[in-house]
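Asker: Before anything else, here's the structure in question.
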Amino acid sequence: MKQRTGKSFFLRIISPTLLTILLFIISMFLITIPLSNTVIKIFCFITILIALILFYFTQKSLKIEKKCGQTEKDLKESKKIYWALMEKKLGVSQQRYQSLADNLHIGVFSIDASKNGNFIEANPATAEILGYKNREQLFQTPFSQLFSKTDDWENLKSQLKQEGFVKKKILPLEKHDGSNTVISISMRETLNNDGVIKEFEGIIENITERVKNEQERENLIVELQTSLLFINQPVKKFTTPPLFCSMNCSILKAARIMKKHRRSVLLIQTETGDDLGIVTDYDISHRYVAENMAPETPIHQIMSSPIVSVPDDALVYEVTLLAQEEFIGHLFTKGDDGRINGIIDNRDLVHFHQYSSSLLIREVHEAESVETLAKAHERLPRLIKTLINCGAKPENITKLISKISDLISEKIITFAIEELGPPPVDFAFIVLGSEGRSEQTLVTDQDNAIIYEDIKEAEKEETEAYFLSLGEKVCKNLNQAGYRLCTGEIMAMNPKWCQPVSSWENYFHCWITETTEQNLLNVRIFFDFRNLFGTRKLTEELRQYIASILQKNQLFFITFAQEALHYKPPINFFGKIVVGSSDENPEAFNIKSAMKLLSNFARIYSLEYNISETNTLVRIKKLYELGAIKESTYKETTEVYNYLMQSRLKHQIIMMDSNLPPNNFIDPKTITDIELAMLKRALSHLAEIQAKISSHFKVKV
């Protein structure tokens, strides 16, 4: 601008003045010089011409400069107007964005990159979702304090630092008013000019109702699956083998046979094996006793005939209708050969709905005595059998078993507290092992313990006495309800496992830092603890303590990995299943022991990645989400786990149908060729799991 101003001054003032002086000098010169000199005349003419041309262009330049000045002035004014309009539009956009954010039902927020994550900005929906009256109140609370589980915040930060974002992660949160909620959260990091994390931006959505609805839908699906598929199953799946008796057998001997086998009906046959009729306990009590018959009277004299039977492939609903229409108490089934091969009590058909999960759960909720709980527990195997026959997922079945077990345990603890009075301090009743992992089957015993607050020495004796009494009442009543006492005495009634928080911290510190065979066994049992009843804060603080100890003792993982590799999958190099692990079952293998490899794999990785969940499948899924295992490993391991669990439950049901106590020993010769091939494939995958543990923790198989 300064140069342009200088040129303008030269053109406007100096140039015209010089031209005027030059023309004046030339004019004077021409007057004094004779015009006869031709050369001088030409020179003067040219000079005047140049001066006129220069004068002409000077005037043109002045006009152009004047126009440029006006144009520049107009441009400045235009720029002022343009930026004024842009600022106005930007202000409107910001207002619209702010209005949009303020009226969203989804929370939008940003937090700083500090340890606790302090709020920088948040819309009103964020405050509402988290239970705060306004944003100002929210800004006084660090983001980290909102999580129900402390390690959820640490895992969230870890994932943000590793991947730079988190997408629709579902987490439980504790609202400001103390109530719990479930949220879906997505976050991403924002970097400064130096590439350092400046803050985190995110959106948060309350999905508590959605999760609740999904759970209710899942329960409804299981319920409908149980009911609808039950009545559309062949009746032979629910029959029991008939109990036979010769027609000439005495009534007394027949009654003894029924008592010995705990049956209420006998199928009476001729000496050649032809079916004649049936005798029920009703016949014995009303005909034999009422008519005062002699004990030696042949049984055929009080039998009912003819025998009502149906094909064994008839559907349950068809058989139910027939039984109701004909008022029949017992129905027999016939195979393709025309021979009777099964019997079913009409009461089982008419009242099959009492084995539905919702009714069973409602009955437990409404129970007012241990006896009522025991009756509910007795019906559980029948419900599980129905679910297995209907093709329900193994994870849903074990979840249902654990849910009913939890409800019964909670009821029994409540009964005990009502009898003993309120506890002197906060406590937590925890479950361990398979119950802690929510992986119970039909063969289970008790594994539980009590944690209570640290107390003063003066209150120690009274507090210990209360919780030992509580533990004893709970464990004995659980035994009465159908849950066997633990042979290893890992129960809350054992003083060793009924201790204050500080004692439990000492236990875990010892198990982690001192390598002994017993300590490693305790790790497998106690590291899967789950809060069943009481103050959740006690168990969460204990988990935090365990995590801090593990961080300082990396050698523990190597030792634990070596211990996990000691067990060999029950399949040899040639793909043959290895049996004989038990003297009592020399022709069978222990499927429970085989599945320990999967739970050990999930447990050791979860301890390393500070995952608080205890269920094996949930742990494996969390490991996949954190990038600890590949997608192929996640899918294959889940598939193998589900197949082995399904085989285990099916085996236990078969044993119970045969009036044998259920166990975990499967004889490969008792399953079909297809089942055997699938079982071998599943067991072979266990060797791959061991190889992953060996490679990751750098220990030899």
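Letters for chains follow the order of the structure tokens (A, B, ...), residue numbers begin at 1 for each chain, and ligand numbers begin at 1 in the order shown.
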DSSP on the backbone: what in range 493-687 of chain A comes out helix (DSSP H, G or I), as JSON, numbers by chain?
Answerer: {"A": [495, 496, 497, 501, 502, 503, 504, 505, 506, 507, 508, 509, 510, 511, 512, 513, 517, 518, 519, 520, 521, 522, 523, 524, 525, 526, 536, 537, 538, 539, 540, 541, 542, 543, 544, 545, 546, 547, 548, 549, 550, 551, 555, 556, 557, 558, 559, 560, 561, 562, 563, 564, 591, 592, 593, 594, 595, 596, 597, 598, 599, 600, 601, 602, 603, 604, 605, 606, 607, 608, 616, 617, 618, 619, 620, 621, 622, 623, 624, 625, 631, 632, 633, 634, 635, 636, 637, 638, 639, 640, 641, 642, 643, 644, 645, 646, 647, 648, 649, 650, 651, 652, 653, 654, 655, 656, 657, 668, 669, 670, 673, 674, 675, 676, 677, 678, 679, 680, 681, 682, 683, 684, 685, 686, 687]}
Asker: If you count only C-alpha atoms, which residues fall within 12 Å of Asn206 in chain A, apart from same-chain ones fewer than 5 positions away, as a PyMOL selection string?
Answerer: chain A and resi 105-107+125-131+168-175+180-185+211-212
Asker: Would you mind exporting the chosen residues as a JSON list (two decimals), in the first residue's frame, restricted to C-alpha atoms?
Answerer:
[["chain", "number", "residue", "atom", "x", "y", "z"],
["A", 105, "HIS", "CA", -32.17, -37.78, 24.33],
["A", 106, "ILE", "CA", -28.67, -39.16, 23.82],
["A", 107, "GLY", "CA", -25.88, -37.77, 25.99],
["A", 125, "ALA", "CA", -29.26, -35.50, 28.47],
["A", 126, "THR", "CA", -25.89, -36.68, 29.82],
["A", 127, "ALA", "CA", -26.73, -35.30, 33.25],
["A", 128, "GLU", "CA", -30.20, -36.85, 33.14],
["A", 129, "ILE", "CA", -28.91, -40.28, 32.09],
["A", 130, "LEU", "CA", -26.39, -40.26, 34.93],
["A", 131, "GLY", "CA", -28.97, -39.15, 37.50],
["A", 168, "LYS", "CA", -21.20, -49.01, 21.54],
["A", 169, "LYS", "CA", -19.66, -50.60, 24.60],
["A", 170, "ILE", "CA", -22.31, -51.77, 27.07],
["A", 171, "LEU", "CA", -21.48, -51.10, 30.72],
["A", 172, "PRO", "CA", -23.30, -50.93, 34.06],
["A", 173, "LEU", "CA", -23.17, -47.54, 35.81],
["A", 174, "GLU", "CA", -24.21, -46.32, 39.22],
["A", 175, "LYS", "CA", -26.40, -43.21, 38.98],
["A", 180, "ASN", "CA", -28.05, -48.85, 38.72],
["A", 181, "THR", "CA", -28.39, -48.31, 34.99],
["A", 182, "VAL", "CA", -27.00, -49.87, 31.83],
["A", 183, "ILE", "CA", -25.51, -47.60, 29.19],
["A", 184, "SER", "CA", -24.14, -47.88, 25.67],
["A", 185, "ILE", "CA", -21.11, -45.65, 25.24],
["A", 211, "VAL", "CA", -31.56, -54.71, 28.14],
["A", 212, "LYS", "CA", -34.49, -55.51, 30.42]]
Asker: Please tabulate, as JSON lines, the residues of range 496-580 of chain A that come within 7 Å of range 696-699 of chain A, each with its closest pair of atoms and the distance in Å to one decimal, counting only C-alpha atoms and ordering rows by chain, then residue number upward.
Answerer:
{"residue": "A:Ile558", "atom": "CA", "partner": "A:Phe697", "partner_atom": "CA", "distance": 5.9}
{"residue": "A:Ala561", "atom": "CA", "partner": "A:Phe697", "partner_atom": "CA", "distance": 6.8}
{"residue": "A:Gln562", "atom": "CA", "partner": "A:Val699", "partner_atom": "CA", "distance": 6.4}
Asker: Just the selected residues (C-alpha atoms), exported as a compact mmCIF listing (two decimals), in the first residue's frame, please.
Answerer:
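What landed in out_23.txt:
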# COMPACT_ATOMS: atom_id res chain seq x y z
CA ILE A 558 3.86 -68.28 34.39
CA ALA A 561 0.02 -71.34 33.17
CA GLN A 562 2.34 -74.27 33.90
Asker: Which neighbours of range 670-679 of chain A fall inside 9 Å, counting only C-alpha atoms, when residues of the same chain fewer than 5 positions from it are skipped, and could you give them as a tab-separated table (two decimals) with N, CA and C atoms, in the first residue's frame?
Answerer:
chain	number	residue	atom	x	y	z
A	577	ILE	N	-10.18	-91.48	22.08
A	577	ILE	CA	-10.48	-90.94	23.40
A	577	ILE	C	-9.87	-91.83	24.48
A	640	VAL	N	-16.87	-75.17	21.01
A	640	VAL	CA	-16.41	-76.36	21.73
A	640	VAL	C	-17.01	-76.40	23.13
A	643	TYR	N	-20.70	-77.38	23.00
A	643	TYR	CA	-20.91	-78.79	22.67
A	643	TYR	C	-20.59	-79.69	23.87
A	644	LEU	N	-19.47	-79.43	24.53
A	644	LEU	CA	-19.10	-80.25	25.69
A	644	LEU	C	-20.11	-80.10	26.83
A	647	SER	N	-23.22	-82.07	25.94
A	647	SER	CA	-22.97	-83.50	26.12
A	647	SER	C	-22.99	-83.86	27.61
A	684	SER	N	-10.07	-82.44	20.58
A	684	SER	CA	-8.81	-82.09	19.88
A	684	SER	C	-8.54	-80.60	19.97
Asker: Can you work out the spacing between CA of Tyr452 in chain A and CA of Gly471 in chain A in Å, to one decimal?
Answerer: 12.0 Å
Asker: For CA of His261 in chain A and CA of Leu243 in chain A, quote the distance in Å rounded to one decimal.
Answerer: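 Result for CA of His261 in chain A versus CA of Leu243 in chain A: 8.4 Å, one decimal.
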Asker: For Leu686 in chain A, please output as an MDAnalysis selection string all residues within 12 Å (counting only C-alpha atoms; exclusion window: fewer than 4 positions along the same chain).
Answerer: chainID A and resid 564:565 567:572 591 593:601 633 636:641 644 679:682 690:693
Asker: Only N, CA and C atoms, please: the residues just picked out, written as a compact mmCIF listing (two decimals), in the first residue's frame.
Answerer:
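Writing the result to result_19.txt gives the following:
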# COMPACT_ATOMS: atom_id res chain seq x y z
N ALA A 564 -1.84 -75.09 34.61
CA ALA A 564 -2.96 -75.33 33.70
C ALA A 564 -2.60 -76.31 32.60
N LEU A 565 -1.31 -76.43 32.30
CA LEU A 565 -0.86 -77.31 31.22
C LEU A 565 -0.57 -78.73 31.70
N TYR A 567 -2.69 -80.83 32.96
CA TYR A 567 -3.77 -81.72 32.56
C TYR A 567 -3.72 -81.96 31.05
N LYS A 568 -3.84 -83.21 30.66
CA LYS A 568 -3.81 -83.58 29.26
C LYS A 568 -5.22 -83.84 28.75
N PRO A 569 -5.57 -83.32 27.59
CA PRO A 569 -6.89 -83.61 27.02
C PRO A 569 -7.06 -85.11 26.83
N PRO A 570 -8.27 -85.64 27.07
CA PRO A 570 -8.48 -87.09 26.99
C PRO A 570 -8.58 -87.62 25.56
N ILE A 571 -7.58 -87.30 24.73
CA ILE A 571 -7.53 -87.81 23.37
C ILE A 571 -6.07 -87.96 22.98
N ASN A 572 -5.71 -89.12 22.41
CA ASN A 572 -4.31 -89.39 22.13
C ASN A 572 -3.90 -88.94 20.73
N ILE A 591 -15.71 -85.74 31.60
CA ILE A 591 -15.94 -84.58 30.74
C ILE A 591 -15.79 -83.28 31.53
N SER A 593 -13.50 -82.70 33.83
CA SER A 593 -12.06 -82.40 33.82
C SER A 593 -11.62 -81.85 32.48
N ALA A 594 -12.21 -82.39 31.40
CA ALA A 594 -11.86 -81.89 30.06
C ALA A 594 -12.23 -80.42 29.92
N MET A 595 -13.36 -80.04 30.49
CA MET A 595 -13.82 -78.65 30.38
C MET A 595 -13.02 -77.70 31.26
N LYS A 596 -12.26 -78.24 32.22
CA LYS A 596 -11.42 -77.38 33.07
C LYS A 596 -10.39 -76.62 32.24
N LEU A 597 -9.95 -77.23 31.14
CA LEU A 597 -8.98 -76.54 30.28
C LEU A 597 -9.55 -75.24 29.75
N LEU A 598 -10.82 -75.26 29.39
CA LEU A 598 -11.46 -74.05 28.87
C LEU A 598 -11.62 -72.99 29.95
N SER A 599 -12.05 -73.41 31.14
CA SER A 599 -12.22 -72.44 32.24
C SER A 599 -10.87 -71.91 32.70
N ASN A 600 -9.83 -72.77 32.70
CA ASN A 600 -8.48 -72.31 33.06
C ASN A 600 -7.97 -71.28 32.06
N PHE A 601 -8.20 -71.55 30.77
CA PHE A 601 -7.78 -70.64 29.70
C PHE A 601 -8.44 -69.27 29.88
N THR A 633 -10.41 -67.86 17.26
CA THR A 633 -10.27 -68.51 18.57
C THR A 633 -11.53 -68.34 19.39
N GLU A 636 -14.37 -70.63 17.80
CA GLU A 636 -14.11 -72.06 17.96
C GLU A 636 -14.22 -72.49 19.42
N THR A 637 -13.65 -71.68 20.32
CA THR A 637 -13.68 -72.02 21.75
C THR A 637 -15.11 -72.00 22.28
N THR A 638 -15.90 -71.02 21.85
CA THR A 638 -17.31 -70.95 22.26
C THR A 638 -18.08 -72.16 21.77
N GLU A 639 -17.84 -72.55 20.53
CA GLU A 639 -18.52 -73.71 19.95
C GLU A 639 -18.16 -74.99 20.70
N VAL A 640 -16.87 -75.17 21.01
CA VAL A 640 -16.41 -76.36 21.73
C VAL A 640 -17.01 -76.40 23.13
N TYR A 641 -17.00 -75.25 23.81
CA TYR A 641 -17.55 -75.19 25.16
C TYR A 641 -19.03 -75.60 25.15
N LEU A 644 -19.47 -79.43 24.53
CA LEU A 644 -19.10 -80.25 25.69
C LEU A 644 -20.11 -80.10 26.83
N LEU A 679 -17.41 -85.29 19.31
CA LEU A 679 -16.74 -85.23 20.60
C LEU A 679 -15.22 -85.24 20.42
N LYS A 680 -14.73 -86.07 19.52
CA LYS A 680 -13.28 -86.12 19.25
C LYS A 680 -12.78 -84.79 18.71
N ARG A 681 -13.56 -84.19 17.82
CA ARG A 681 -13.18 -82.89 17.26
C ARG A 681 -13.09 -81.83 18.36
N ALA A 682 -14.07 -81.85 19.27
CA ALA A 682 -14.09 -80.87 20.36
C ALA A 682 -12.90 -81.07 21.29
N GLN A 690 -4.30 -75.36 24.83
CA GLN A 690 -3.07 -75.49 25.62
C GLN A 690 -1.89 -74.85 24.90
N ALA A 691 -1.83 -75.04 23.58
CA ALA A 691 -0.73 -74.46 22.81
C ALA A 691 -0.75 -72.94 22.87
N LYS A 692 -1.94 -72.34 22.89
CA LYS A 692 -2.05 -70.88 22.99
C LYS A 692 -1.56 -70.40 24.36
N ILE A 693 -1.93 -71.12 25.42
CA ILE A 693 -1.46 -70.75 26.76
C ILE A 693 0.06 -70.85 26.81
Asker: Go through range 511-624 of chain A and flag each residue having an atom no more than 12 Å from range 155-159 of chain A; for those, report the closest pair of atoms plus their distance in Å to one decimal, using only C-alpha atoms, ordered by chain and rising number, as JSON lines.
Answerer:
{"residue": "A:Ser606", "atom": "CA", "partner": "A:Asn155", "partner_atom": "CA", "distance": 11.7}
{"residue": "A:Glu608", "atom": "CA", "partner": "A:Asn155", "partner_atom": "CA", "distance": 11.8}
{"residue": "A:Tyr609", "atom": "CA", "partner": "A:Asn155", "partner_atom": "CA", "distance": 8.3}
{"residue": "A:Asn610", "atom": "CA", "partner": "A:Asn155", "partner_atom": "CA", "distance": 7.8}
{"residue": "A:Ile611", "atom": "CA", "partner": "A:Asn155", "partner_atom": "CA", "distance": 8.2}
{"residue": "A:Ser612", "atom": "CA", "partner": "A:Asn155", "partner_atom": "CA", "distance": 10.4}
{"residue": "A:Lys622", "atom": "CA", "partner": "A:Asn155", "partner_atom": "CA", "distance": 10.5}
{"residue": "A:Leu623", "atom": "CA", "partner": "A:Asn155", "partner_atom": "CA", "distance": 11.2}
Asker: Generate a file of the selected residues that holds C-alpha atoms, formatted as a short mmCIF file (atom, residue, chain, number, x, y, z; two decimals), in the first residue's frame.
Answerer:
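Here's the written file out20.cif:
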data_model
loop_
_atom_site.label_atom_id
_atom_site.label_comp_id
_atom_site.auth_asym_id
_atom_site.auth_seq_id
_atom_site.Cartn_x
_atom_site.Cartn_y
_atom_site.Cartn_z
CA SER A 606 -8.98 -62.63 32.38
CA GLU A 608 -4.00 -60.77 33.03
CA TYR A 609 -6.44 -58.37 31.33
CA ASN A 610 -8.21 -57.45 34.60
CA ILE A 611 -11.63 -58.73 33.51
CA SER A 612 -14.01 -58.97 36.46
CA LYS A 622 -14.54 -59.93 26.65
CA LEU A 623 -11.08 -61.15 25.64
#
Asker: Between A:Thr240, A:Ser469, A:Ser548, A:Thr444, which residue has the minimum interatomic distance to Ile417 in chain A, considering only C-alpha atoms?
Answerer: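 Closest to Ile417 in chain A of all the choices is A:Ser469.
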Asker: As an exercise, work out the distance from CA of Phe200 in chain A to CA of Phe139 in chain A in Å and give it to one decimal place.
Answerer: 14.9 Å
Asker: Can you write out as a Markdown table which residues of range 451-561 of chain A fall within 10 Å of range 397-407 of chain A, alongside each residue's closest atom pair and its distance in Å to one decimal, counting only C-alpha atoms and ordering rows by chain and ascending residue number?
Answerer:
| residue | atom | partner | partner_atom | distance |
| --- | --- | --- | --- | --- |
| A:Leu478 | CA | A:Ser405 | CA | 9.5 |
| A:Ala481 | CA | A:Ser405 | CA | 10.0 |
| A:Gly482 | CA | A:Ser405 | CA | 9.9 |
| A:Tyr483 | CA | A:Ser405 | CA | 8.7 |
| A:Leu532 | CA | A:Asp406 | CA | 7.0 |
| A:Phe533 | CA | A:Asp406 | CA | 9.1 |
Asker: I'd like the contact shell of Arg339 in chain A - 9 Å cut-off, only C-alpha atoms, skipping same-chain residues fewer than 5 positions apart - returned as number ranges by chain.
Answerer: A: 274-275, 333-334
Asker: For Leu521 in chain A, list every protein, DNA or RNA residue within 12 Å, evaluated using only C-alpha atoms, and leave out those in the same chain fewer than 4 positions away; present the list as a list in words.
Answerer: Gly433, Gly488, Ile490, Trp511, Ile512, Thr515, Thr516, Glu517, Ile525, Phe526, Phe527, Asp528, Phe560, Glu563, Ala564 and Asn600 of chain A
Asker: Could you write out, as a PDB file with C-alpha atoms, in the first residue's frame, all the residues of range 460-504 of chain A that DSSP marks as strand (DSSP E or B)?
Answerer:
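See out34.pdb below for the written result:
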ATOM      1  CA  ARG A 484     -24.916 -81.155  48.832  1.00  0.00           C
ATOM      2  CA  CYS A 498     -15.836 -66.859  57.112  1.00  0.00           C
ATOM      3  CA  GLN A 499     -13.429 -63.963  57.598  1.00  0.00           C
ATOM      4  CA  PRO A 500     -13.089 -60.145  57.525  1.00  0.00           C
TER       5      PRO A 500
END
